[in-house]
Every structure is written in structure tokens, then in C-alpha cells.
>>> print(open('work35.txt').read())   # compact mmCIF, C-alpha atoms and all ligand atoms
# COMPACT_ATOMS: atom_id res chain seq x y z
CA MET A 58 9.90 13.76 11.13
CA ASN A 59 6.64 12.87 12.80
CA PHE A 60 3.48 12.47 10.69
CA GLU A 61 0.10 12.15 12.37
CA VAL A 62 -2.87 11.18 10.22
CA VAL A 63 -6.43 11.67 11.44
CA THR A 64 -8.58 9.11 9.63
CA LEU A 65 -11.55 6.75 9.97
CA PHE A 66 -9.47 4.17 8.07
CA PRO A 67 -6.09 3.93 9.81
CA ASP A 68 -5.42 0.54 8.15
CA ILE A 69 -5.01 2.26 4.76
CA ILE A 70 -2.27 4.46 6.21
CA ARG A 71 -0.55 1.63 8.12
CA ALA A 72 -0.49 -0.64 5.07
CA TYR A 73 1.18 1.97 2.88
CA VAL A 74 3.79 3.13 5.37
CA ALA A 75 4.88 -0.47 6.01
CA THR A 76 6.29 -0.94 2.48
CA GLY A 77 8.77 0.44 -0.01
CA MET A 78 10.92 3.52 0.49
CA VAL A 79 8.53 4.98 3.07
CA GLY A 80 8.59 1.67 4.98
CA ARG A 81 12.38 1.81 5.01
CA ALA A 82 12.31 5.41 6.26
CA VAL A 83 10.10 4.23 9.15
CA GLU A 84 12.40 1.27 9.93
CA ARG A 85 15.43 3.55 9.97
CA GLY A 86 13.72 6.02 12.29
CA LEU A 87 13.81 8.85 9.72
CA ILE A 88 10.03 9.26 10.01
CA ALA A 89 7.35 8.10 12.44
CA VAL A 90 3.72 7.77 11.39
CA GLY A 91 0.88 7.80 13.92
CA THR A 92 -2.86 7.64 13.30
CA SER A 93 -5.83 8.98 15.22
CA ASP A 94 -9.33 7.60 14.57
CA PRO A 95 -12.28 9.91 15.38
CA ARG A 96 -14.36 6.81 16.10
CA ASP A 97 -12.15 6.14 19.14
CA HIS A 98 -13.13 9.57 20.43
CA ALA A 99 -16.90 9.32 19.88
CA VAL A 100 -18.83 9.59 23.12
CA ASP A 101 -22.12 7.75 22.37
CA VAL A 102 -22.69 3.99 22.39
CA HIS A 103 -22.93 3.89 18.59
CA ARG A 104 -19.59 5.68 18.27
CA THR A 105 -21.18 8.20 15.92
CA VAL A 106 -18.77 10.35 13.92
CA ASP A 107 -21.10 11.84 11.30
CA ASP A 108 -24.53 13.45 11.03
CA ARG A 109 -26.96 14.84 8.43
CA PRO A 110 -26.09 18.21 6.87
CA TYR A 111 -27.96 21.31 8.01
CA GLY A 112 -29.95 22.59 5.04
CA GLY A 113 -30.62 19.07 3.80
CA GLY A 114 -29.21 17.20 0.85
CA PRO A 115 -27.41 13.92 0.38
CA GLY A 116 -24.51 12.53 2.35
CA MET A 117 -23.24 12.94 5.85
CA VAL A 118 -20.89 15.44 7.49
CA LEU A 119 -18.16 14.59 10.01
CA LYS A 120 -19.17 16.00 13.40
CA MET A 121 -17.21 18.59 15.33
CA GLU A 122 -16.57 16.86 18.62
CA PRO A 123 -15.04 13.44 17.89
CA LEU A 124 -13.07 14.91 15.01
CA ARG A 125 -11.69 17.77 17.07
CA THR A 126 -10.72 15.47 19.91
CA ALA A 127 -8.96 13.12 17.45
CA LEU A 128 -7.23 16.04 15.75
CA ARG A 129 -6.05 17.55 19.03
CA ALA A 130 -4.78 14.16 20.21
CA ALA A 131 -2.81 13.85 16.95
CA ALA A 132 -1.51 17.44 17.17
CA GLY A 133 -0.52 16.79 20.79
CA ARG A 134 1.71 13.88 19.70
CA ALA A 135 3.30 15.89 16.87
CA PRO A 136 6.05 18.41 17.71
CA ALA A 137 4.92 21.98 18.45
CA GLY A 138 4.64 24.03 15.25
CA SER A 139 3.59 21.11 13.01
CA PRO A 140 1.21 22.42 10.32
CA ARG A 141 -2.31 20.95 10.45
CA VAL A 142 -3.42 20.22 6.90
CA TYR A 143 -6.85 19.15 5.64
CA LEU A 144 -6.98 17.11 2.42
CA SER A 145 -9.97 18.01 0.27
CA ALA A 146 -10.98 18.54 -3.34
CA GLN A 147 -11.77 22.18 -2.37
CA GLY A 148 -8.20 22.89 -1.29
CA ARG A 149 -5.57 24.79 -3.23
CA ARG A 150 -3.41 22.55 -5.38
CA PHE A 151 -0.63 20.66 -3.55
CA THR A 152 2.74 21.18 -5.29
CA GLN A 153 6.39 20.15 -5.00
CA GLU A 154 6.98 23.56 -3.39
CA ASP A 155 4.65 22.58 -0.50
CA ALA A 156 6.48 19.25 -0.21
CA ARG A 157 9.78 21.15 0.05
CA ARG A 158 8.45 23.58 2.64
CA TRP A 159 6.86 20.86 4.79
CA SER A 160 10.01 18.72 4.60
CA THR A 161 11.64 21.28 6.92
CA ALA A 162 8.66 21.41 9.34
CA PRO A 163 9.04 19.63 12.70
CA GLY A 164 6.07 17.40 11.86
CA LEU A 165 2.85 17.30 9.88
CA VAL A 166 -0.72 16.62 10.99
CA LEU A 167 -2.87 15.41 8.09
CA LEU A 168 -6.67 15.30 8.32
CA ALA A 169 -8.33 12.94 5.84
CA GLY A 170 -12.02 13.66 5.29
CA ARG A 171 -14.76 11.19 4.29
CA TYR A 172 -18.42 11.52 3.28
CA GLU A 173 -19.52 14.99 2.14
CA GLY A 174 -16.89 16.71 4.25
CA VAL A 175 -16.24 17.97 7.74
CA ASP A 176 -18.07 20.63 9.73
CA GLN A 177 -16.83 23.99 8.42
CA ARG A 178 -16.23 25.26 11.96
CA LEU A 179 -13.55 22.63 12.48
CA LEU A 180 -11.67 23.91 9.42
CA GLU A 181 -11.98 27.50 10.64
CA THR A 182 -10.69 26.83 14.13
CA GLU A 183 -8.27 23.88 13.93
CA ILE A 184 -6.77 23.76 10.42
CA ASP A 185 -3.83 25.77 9.01
CA ASP A 186 -4.02 24.74 5.35
CA GLU A 187 -6.32 22.89 2.94
CA VAL A 188 -4.88 21.16 -0.12
CA SER A 189 -6.12 19.08 -3.05
CA ILE A 190 -3.93 16.66 -5.00
CA GLY A 191 -5.74 17.28 -8.29
CA ASP A 192 -8.99 18.12 -10.05
CA TYR A 193 -10.85 14.89 -9.39
CA VAL A 194 -12.96 13.71 -6.48
CA LEU A 195 -11.89 10.73 -4.38
CA THR A 196 -13.95 8.85 -1.78
CA GLY A 197 -11.72 10.14 1.01
CA GLY A 198 -8.59 12.00 1.98
CA GLU A 199 -6.50 8.93 2.85
CA LEU A 200 -4.83 8.57 -0.56
CA PRO A 201 -4.17 12.35 -0.74
CA ALA A 202 -2.70 12.25 2.81
CA LEU A 203 -0.39 9.45 1.67
CA VAL A 204 0.54 11.41 -1.45
CA VAL A 205 1.62 14.34 0.73
CA LEU A 206 3.41 12.06 3.20
CA ASP A 207 5.27 10.29 0.38
CA ALA A 208 6.27 13.49 -1.45
CA VAL A 209 7.58 15.03 1.79
CA THR A 210 9.34 11.88 3.01
CA ARG A 211 11.46 11.42 -0.11
CA LEU A 212 12.89 14.92 0.40
CA LEU A 213 14.12 14.20 3.93
CA PRO A 214 17.89 13.74 4.31
CA GLY A 215 18.92 10.08 4.08
CA VAL A 216 15.66 8.75 2.62
CA LEU A 217 16.67 8.43 -1.03
CA GLY A 218 19.10 5.60 -1.65
CA ASP A 219 21.12 7.38 -4.30
CA ALA A 220 22.90 10.29 -2.61
CA ASP A 221 22.80 12.16 -5.93
CA SER A 222 19.06 12.01 -6.51
CA ALA A 223 18.18 15.28 -4.80
CA VAL A 224 21.15 17.09 -6.42
CA GLN A 225 20.36 15.66 -9.87
CA GLU A 226 16.81 16.91 -9.50
CA SER A 227 17.83 20.48 -8.85
CA PHE A 228 19.38 20.94 -12.29
CA SER A 229 16.11 19.97 -13.98
CA ASP A 230 13.93 21.49 -11.23
CA GLY A 231 10.42 22.27 -12.40
CA LEU A 232 10.81 20.24 -15.62
CA LEU A 233 9.43 16.82 -16.53
CA ASP A 234 11.98 14.02 -16.32
CA TRP A 235 14.11 12.92 -19.27
CA PRO A 236 13.78 9.37 -20.74
CA HIS A 237 15.66 6.51 -19.05
CA TYR A 238 17.17 3.34 -20.55
CA THR A 239 18.91 0.24 -19.24
CA ARG A 240 20.24 -2.97 -20.83
CA PRO A 241 19.83 -4.47 -23.40
CA GLU A 242 21.28 -1.91 -25.78
CA VAL A 243 18.84 -2.99 -28.52
CA PHE A 244 15.41 -4.40 -27.61
CA GLU A 245 13.28 -5.76 -30.49
CA GLY A 246 14.98 -3.41 -32.89
CA ARG A 247 14.72 -0.31 -30.66
CA ALA A 248 18.13 1.05 -29.75
CA VAL A 249 19.22 3.16 -26.79
CA PRO A 250 20.12 6.70 -27.98
CA GLU A 251 23.77 6.72 -29.10
CA VAL A 252 24.70 9.68 -26.86
CA LEU A 253 24.06 7.65 -23.69
CA LEU A 254 26.54 4.95 -24.71
CA GLY A 255 29.50 7.31 -25.09
CA GLY A 256 30.15 8.07 -21.42
CA HIS A 257 30.79 11.74 -22.19
CA HIS A 258 29.26 13.37 -19.11
CA ALA A 259 28.84 16.92 -20.40
CA THR A 260 27.20 15.70 -23.63
CA ILE A 261 24.88 13.37 -21.72
CA ARG A 262 23.91 16.14 -19.32
CA ARG A 263 23.12 18.44 -22.24
CA TRP A 264 21.04 15.74 -24.00
CA ARG A 265 19.07 14.96 -20.85
CA LEU A 266 18.35 18.61 -20.16
CA GLN A 267 17.25 19.07 -23.79
CA GLN A 268 14.96 16.03 -23.60
CA ALA A 269 13.45 17.29 -20.34
CA LEU A 270 12.90 20.73 -21.91
CA LEU A 271 11.33 19.26 -25.06
CA LEU A 272 8.94 17.01 -23.15
CA THR A 273 7.96 19.86 -20.84
CA ALA A 274 7.40 22.25 -23.77
CA GLN A 275 5.17 19.65 -25.46
CA ARG A 276 3.18 18.39 -22.49
CA ARG A 277 3.34 21.10 -19.81
CA PRO A 278 4.20 24.49 -21.35
CA ASP A 279 2.61 26.04 -18.22
CA LEU A 280 5.53 24.68 -16.18
CA LEU A 281 8.06 26.40 -18.47
CA VAL A 282 6.26 29.73 -18.18
CA ALA A 283 6.14 29.42 -14.36
CA ARG A 284 9.80 28.50 -14.14
CA GLY A 285 11.48 30.56 -16.85
CA LEU A 286 14.40 29.46 -19.04
CA THR A 287 18.13 30.10 -18.73
CA ALA A 288 20.08 31.17 -21.82
CA GLU A 289 21.43 27.62 -22.24
CA GLU A 290 17.96 26.11 -21.95
CA ARG A 291 16.61 28.57 -24.51
CA ARG A 292 19.41 27.53 -26.90
CA LEU A 293 18.73 23.84 -26.36
CA LEU A 294 15.03 24.30 -27.15
CA ALA A 295 15.76 26.43 -30.22
CA GLU A 296 18.29 23.83 -31.41
CA ALA A 297 15.48 21.25 -31.24
CA GLY A 298 13.26 23.56 -33.32
CA ILE A 299 11.09 24.92 -30.52
CA GLU A 300 11.03 28.69 -30.67
CA ALA A 301 8.06 28.99 -28.32
CA GLY A 302 10.60 28.87 -25.51
CA LEU A 303 11.46 32.44 -26.44
CA ASP A 304 8.16 33.69 -24.95
CA VAL A 305 9.12 32.26 -21.59
CA PRO A 306 10.66 34.62 -19.00
CA VAL A 307 14.37 34.50 -18.14
CA ARG A 308 15.22 32.11 -15.29
CA ARG A 309 17.63 33.48 -12.72
CA LEU A 310 19.60 30.86 -10.82
N1 LIG B 401 -10.63 14.27 -1.11
C1 LIG B 401 -11.41 13.94 -2.15
N2 LIG B 401 -10.85 14.28 -3.31
C2 LIG B 401 -9.65 14.86 -3.01
C3 LIG B 401 -8.60 15.43 -3.79
N3 LIG B 401 -8.66 15.48 -5.12
N4 LIG B 401 -7.53 15.94 -3.13
C4 LIG B 401 -7.48 15.92 -1.79
N5 LIG B 401 -8.44 15.40 -1.01
C5 LIG B 401 -9.52 14.87 -1.61
>>> encode(input="work35.txt", output="C-alpha cells", more="lines below")
Ligand code: ADE
Amino acid sequence: MNFEVVTLFPDIIRAYVATGMVGRAVERGLIAVGTSDPRDHAVDVHRTVDDRPYGGGPGMVLKMEPLRTALRAAAGRAPAGSPRVYLSAQGRRFTQEDARRWSTAPGLVLLAGRYEGVDQRLLETEIDDEVSIGDYVLTGGELPALVVLDAVTRLLPGVLGDADSAVQESFSDGLLDWPHYTRPEVFEGRAVPEVLLGGHHATIRRWRLQQALLLTAQRRPDLLVARGLTAEERRLLAEAGIEAGLDVPVRRL
């Protein structure tokens, strides 16, 4: 899959995609990441990419022309049909569902904004989607672009080391993760839950699902409502003393 990131700070993108799991995906040719810097497309001697906002006020706005040229250059390198996505605090919330959908796209063009934003006309004419990674304001869209790139990349076939990871995830889809333990069995008096030591797969699976359900009910009940609960999940929650699960719709698999 080919990612193209339009950014005034390509070094941020290059540094991240050179390391870790994403770095390995690049090395193995599973993804390619290109960058396009509007400054390289500015036409004046000062290489101006921003200007004062019409109507006054603080901050600067990224100008139409260099940004559009950079974006079109990036889109031209990406396969036809690659969604063009703008990262901004005004966007709709980016979710795992978007990551899943974009993981089957031929490519992805990500536009990272800086300053007060980009000229609205660019968004209206060149952008397919606008997403935010959360209700907080960052200094630019580079970290959000990397968040999207990372979330999409790990869903691509062959990226995750453990062949089971994607399958494992589907059984607890939409829930928070269960707790994990490794050796030693007892650390400063705190023991690993007995059930995990037994090697009884069905019991361990049940315990993990119950833990995931409990944590989700406590911390993110909104996720349970959005997802629904199967009969087994409802039983597991009730068994742990949480009856609130009963208000959650039935989940059909
Ligand atoms: N740019 C600034 N803040 C952002 C956010 N929360 N999500 C996406 N892009 C942003």
C-alpha cells in the first residue's frame, strides 16, 4: 500500500516510518511512504506557503496554490482511487472502522495541516474526508497522519508478526483488551491469575473475554452500547455482577 503525506515537516514522517513495525513493513515492501512538501512547490523567492487570514485575527493560513500543487503531486504518485484525507481537529472522529476500510484502499493521501488551518477552498475541491484523532488540539497534523498510517498498516496482510493477532482481535472486536502477564509467576507478592497457568484453552478464552467485557463496561460503556452483547457475553458480565450489560442491544455475529 502506498501512503503519501503532504507536510511542511517531512522529517517527522520519515523518522517514524524508519522504525519499529512500520519500518519493517517498509523494508519488506508491504507499504511505501512518500512525502510532498508545499514549500518545494512555492513559486516566490521566499518560498511562501502561508498568509494572513481574511477577516483578521491571529495565526496564518496555508495558501491554496503551493498546497494544491503539493497535494496533486502526492495524489499523482498514489494509485488511482486513493482517498485524500485531511487531518484536523474539526474532522469527524477517526475510528478502527476507518482504519479497516482504508486498509483495503489502493493507497492513502494524508494532508497534515499547520498554523490556523488551510484555505477552505482547498478542502472543498481536493479533499475526500476530514478526520480528527481526538478532542484535543495539536500543533499540526503530522502526528495524526502517523496515527492513521500506523493503524492502517498493522491491518495489512503480513504486517503483524503473530499470524493470530488479527484473528484473536476479532473475537473481542470493539472491546478493550484483557490484562496480560508474563514470567515471573509471582512478582513482589503479586501472582498471575491462576486460570492462566492451567493451559485449559476454553477456560482461558472465557476468562479473557470476561475481563475484556468488565473493563469495557467500567471504562467505556459507550463501546458496549455501540457494539451490542451476545448471549454468552451477557452471561459473563452478569456472572461478574454487572447487570448493566442487560440494557445493551443484542449483538448478531
Ligand atoms: N490537528 C490538530 N489537532 C488535531 C487532532 N486532534 N486530530 C487531527 N488533526 C489535528
>>> residues_near_ligand(input="work35.txt", ligand="ligand LIG 401 (chain B)", cutoff="10 Å", atoms="all atoms listed in the file", output="number ranges by chain")
A: 143-151, 168-174, 187-202, 204-205
>>> residues_around(input="work35.txt", residues="segment 129-133 of chain A", least_positions_apart="4", cutoff="12 Å", atoms="all atoms listed in the file", output="ChimeraX atom specification")
/A:59-64,90-95,97-98,121-125,137-142,163-168,179,182-185
>>> write_last_selection(input="work35.txt", atoms="C-alpha atoms", output="compact mmCIF listing (two decimals), keeping the file's coordinate frame")
# COMPACT_ATOMS: atom_id res chain seq x y z
CA ASN A 59 6.64 12.87 12.80
CA PHE A 60 3.48 12.47 10.69
CA GLU A 61 0.10 12.15 12.37
CA VAL A 62 -2.87 11.18 10.22
CA VAL A 63 -6.43 11.67 11.44
CA THR A 64 -8.58 9.11 9.63
CA VAL A 90 3.72 7.77 11.39
CA GLY A 91 0.88 7.80 13.92
CA THR A 92 -2.86 7.64 13.30
CA SER A 93 -5.83 8.98 15.22
CA ASP A 94 -9.33 7.60 14.57
CA PRO A 95 -12.28 9.91 15.38
CA ASP A 97 -12.15 6.14 19.14
CA HIS A 98 -13.13 9.57 20.43
CA MET A 121 -17.21 18.59 15.33
CA GLU A 122 -16.57 16.86 18.62
CA PRO A 123 -15.04 13.44 17.89
CA LEU A 124 -13.07 14.91 15.01
CA ARG A 125 -11.69 17.77 17.07
CA ALA A 137 4.92 21.98 18.45
CA GLY A 138 4.64 24.03 15.25
CA SER A 139 3.59 21.11 13.01
CA PRO A 140 1.21 22.42 10.32
CA ARG A 141 -2.31 20.95 10.45
CA VAL A 142 -3.42 20.22 6.90
CA PRO A 163 9.04 19.63 12.70
CA GLY A 164 6.07 17.40 11.86
CA LEU A 165 2.85 17.30 9.88
CA VAL A 166 -0.72 16.62 10.99
CA LEU A 167 -2.87 15.41 8.09
CA LEU A 168 -6.67 15.30 8.32
CA LEU A 179 -13.55 22.63 12.48
CA THR A 182 -10.69 26.83 14.13
CA GLU A 183 -8.27 23.88 13.93
CA ILE A 184 -6.77 23.76 10.42
CA ASP A 185 -3.83 25.77 9.01
>>> atom_distance(input="work35.txt", atom1="atom CA of Glu181 of chain A", atom2="atom CA of Leu128 of chain A")
13.4 Å
>>> residues_around(input="work35.txt", residues="Thr210 of chain A", least_positions_apart="6", cutoff="9 Å", atoms="all atoms listed in the file", output="PyMOL selection string")
chain A and resi 58+78-79+82+87-88+156+160+216
>>> closest_residue(input="work35.txt", among="A:Ala283, A:Ala75, A:Ile70, A:Val100", to="Val307 of chain A", atoms="all atoms listed in the file")
A:Ala283
>>> residues_around(input="work35.txt", residues="Leu280 of chain A", least_positions_apart="4", cutoff="9 Å", atoms="only C-alpha atoms", output="MDAnalysis selection string")
chainID A and resid 231:233 273:274 284:285
>>> closest_residue(input="work35.txt", among="A:Val243, A:Pro306, A:Leu294, A:Arg262", to="Asp279 of chain A", atoms="only C-alpha atoms")
A:Pro306
>>> atom_distance(input="work35.txt", atom1="atom CA of Leu270 of chain A", atom2="atom CA of Glu290 of chain A")
7.4 Å
>>> build_atoms(input="work35.txt", residues="segment 184-198 of chain A", atoms="N, CA, C and O atoms", output="PDB file, in the frame of the given file")
ATOM      1  N   ILE A 184      -7.551  24.156  11.599  1.00  0.00           N
ATOM      2  CA  ILE A 184      -6.770  23.760  10.420  1.00  0.00           C
ATOM      3  C   ILE A 184      -5.963  24.951   9.874  1.00  0.00           C
ATOM      4  O   ILE A 184      -6.465  26.062   9.807  1.00  0.00           O
ATOM      5  N   ASP A 185      -4.695  24.705   9.518  1.00  0.00           N
ATOM      6  CA  ASP A 185      -3.830  25.770   9.010  1.00  0.00           C
ATOM      7  C   ASP A 185      -3.882  25.883   7.492  1.00  0.00           C
ATOM      8  O   ASP A 185      -3.639  26.940   6.921  1.00  0.00           O
ATOM      9  N   ASP A 186      -4.139  24.753   6.808  1.00  0.00           N
ATOM     10  CA  ASP A 186      -4.020  24.740   5.350  1.00  0.00           C
ATOM     11  C   ASP A 186      -4.937  23.652   4.794  1.00  0.00           C
ATOM     12  O   ASP A 186      -5.178  22.647   5.472  1.00  0.00           O
ATOM     13  N   GLU A 187      -5.429  23.873   3.575  1.00  0.00           N
ATOM     14  CA  GLU A 187      -6.320  22.890   2.940  1.00  0.00           C
ATOM     15  C   GLU A 187      -5.813  22.660   1.533  1.00  0.00           C
ATOM     16  O   GLU A 187      -5.722  23.601   0.746  1.00  0.00           O
ATOM     17  N   VAL A 188      -5.429  21.425   1.215  1.00  0.00           N
ATOM     18  CA  VAL A 188      -4.880  21.160  -0.120  1.00  0.00           C
ATOM     19  C   VAL A 188      -5.597  20.014  -0.821  1.00  0.00           C
ATOM     20  O   VAL A 188      -6.117  19.094  -0.200  1.00  0.00           O
ATOM     21  N   SER A 189      -5.578  20.114  -2.159  1.00  0.00           N
ATOM     22  CA  SER A 189      -6.120  19.080  -3.050  1.00  0.00           C
ATOM     23  C   SER A 189      -4.957  18.507  -3.852  1.00  0.00           C
ATOM     24  O   SER A 189      -4.014  19.236  -4.177  1.00  0.00           O
ATOM     25  N   ILE A 190      -5.008  17.232  -4.186  1.00  0.00           N
ATOM     26  CA  ILE A 190      -3.930  16.660  -5.000  1.00  0.00           C
ATOM     27  C   ILE A 190      -4.253  16.698  -6.492  1.00  0.00           C
ATOM     28  O   ILE A 190      -3.430  16.311  -7.311  1.00  0.00           O
ATOM     29  N   GLY A 191      -5.430  17.183  -6.868  1.00  0.00           N
ATOM     30  CA  GLY A 191      -5.740  17.280  -8.290  1.00  0.00           C
ATOM     31  C   GLY A 191      -7.232  17.475  -8.500  1.00  0.00           C
ATOM     32  O   GLY A 191      -8.025  17.334  -7.572  1.00  0.00           O
ATOM     33  N   ASP A 192      -7.594  17.796  -9.746  1.00  0.00           N
ATOM     34  CA  ASP A 192      -8.990  18.120 -10.050  1.00  0.00           C
ATOM     35  C   ASP A 192      -9.798  16.865 -10.351  1.00  0.00           C
ATOM     36  O   ASP A 192     -10.217  16.629 -11.488  1.00  0.00           O
ATOM     37  N   TYR A 193      -9.994  16.070  -9.331  1.00  0.00           N
ATOM     38  CA  TYR A 193     -10.850  14.890  -9.390  1.00  0.00           C
ATOM     39  C   TYR A 193     -11.303  14.630  -7.962  1.00  0.00           C
ATOM     40  O   TYR A 193     -10.672  15.097  -7.022  1.00  0.00           O
ATOM     41  N   VAL A 194     -12.409  13.901  -7.831  1.00  0.00           N
ATOM     42  CA  VAL A 194     -12.960  13.710  -6.480  1.00  0.00           C
ATOM     43  C   VAL A 194     -12.775  12.252  -6.062  1.00  0.00           C
ATOM     44  O   VAL A 194     -13.195  11.335  -6.768  1.00  0.00           O
ATOM     45  N   LEU A 195     -12.124  12.062  -4.926  1.00  0.00           N
ATOM     46  CA  LEU A 195     -11.890  10.730  -4.380  1.00  0.00           C
ATOM     47  C   LEU A 195     -12.918  10.444  -3.277  1.00  0.00           C
ATOM     48  O   LEU A 195     -13.626  11.345  -2.851  1.00  0.00           O
ATOM     49  N   THR A 196     -12.969   9.198  -2.818  1.00  0.00           N
ATOM     50  CA  THR A 196     -13.950   8.850  -1.780  1.00  0.00           C
ATOM     51  C   THR A 196     -13.491   9.317  -0.400  1.00  0.00           C
ATOM     52  O   THR A 196     -14.276   9.332   0.539  1.00  0.00           O
ATOM     53  N   GLY A 197     -12.208   9.681  -0.288  1.00  0.00           N
ATOM     54  CA  GLY A 197     -11.720  10.140   1.010  1.00  0.00           C
ATOM     55  C   GLY A 197     -10.339  10.738   0.894  1.00  0.00           C
ATOM     56  O   GLY A 197      -9.703  10.672  -0.159  1.00  0.00           O
ATOM     57  N   GLY A 198      -9.881  11.307   1.987  1.00  0.00           N
ATOM     58  CA  GLY A 198      -8.590  12.000   1.980  1.00  0.00           C
ATOM     59  C   GLY A 198      -7.397  11.106   2.307  1.00  0.00           C
ATOM     60  O   GLY A 198      -6.274  11.615   2.424  1.00  0.00           O
TER      61      GLY A 198
END
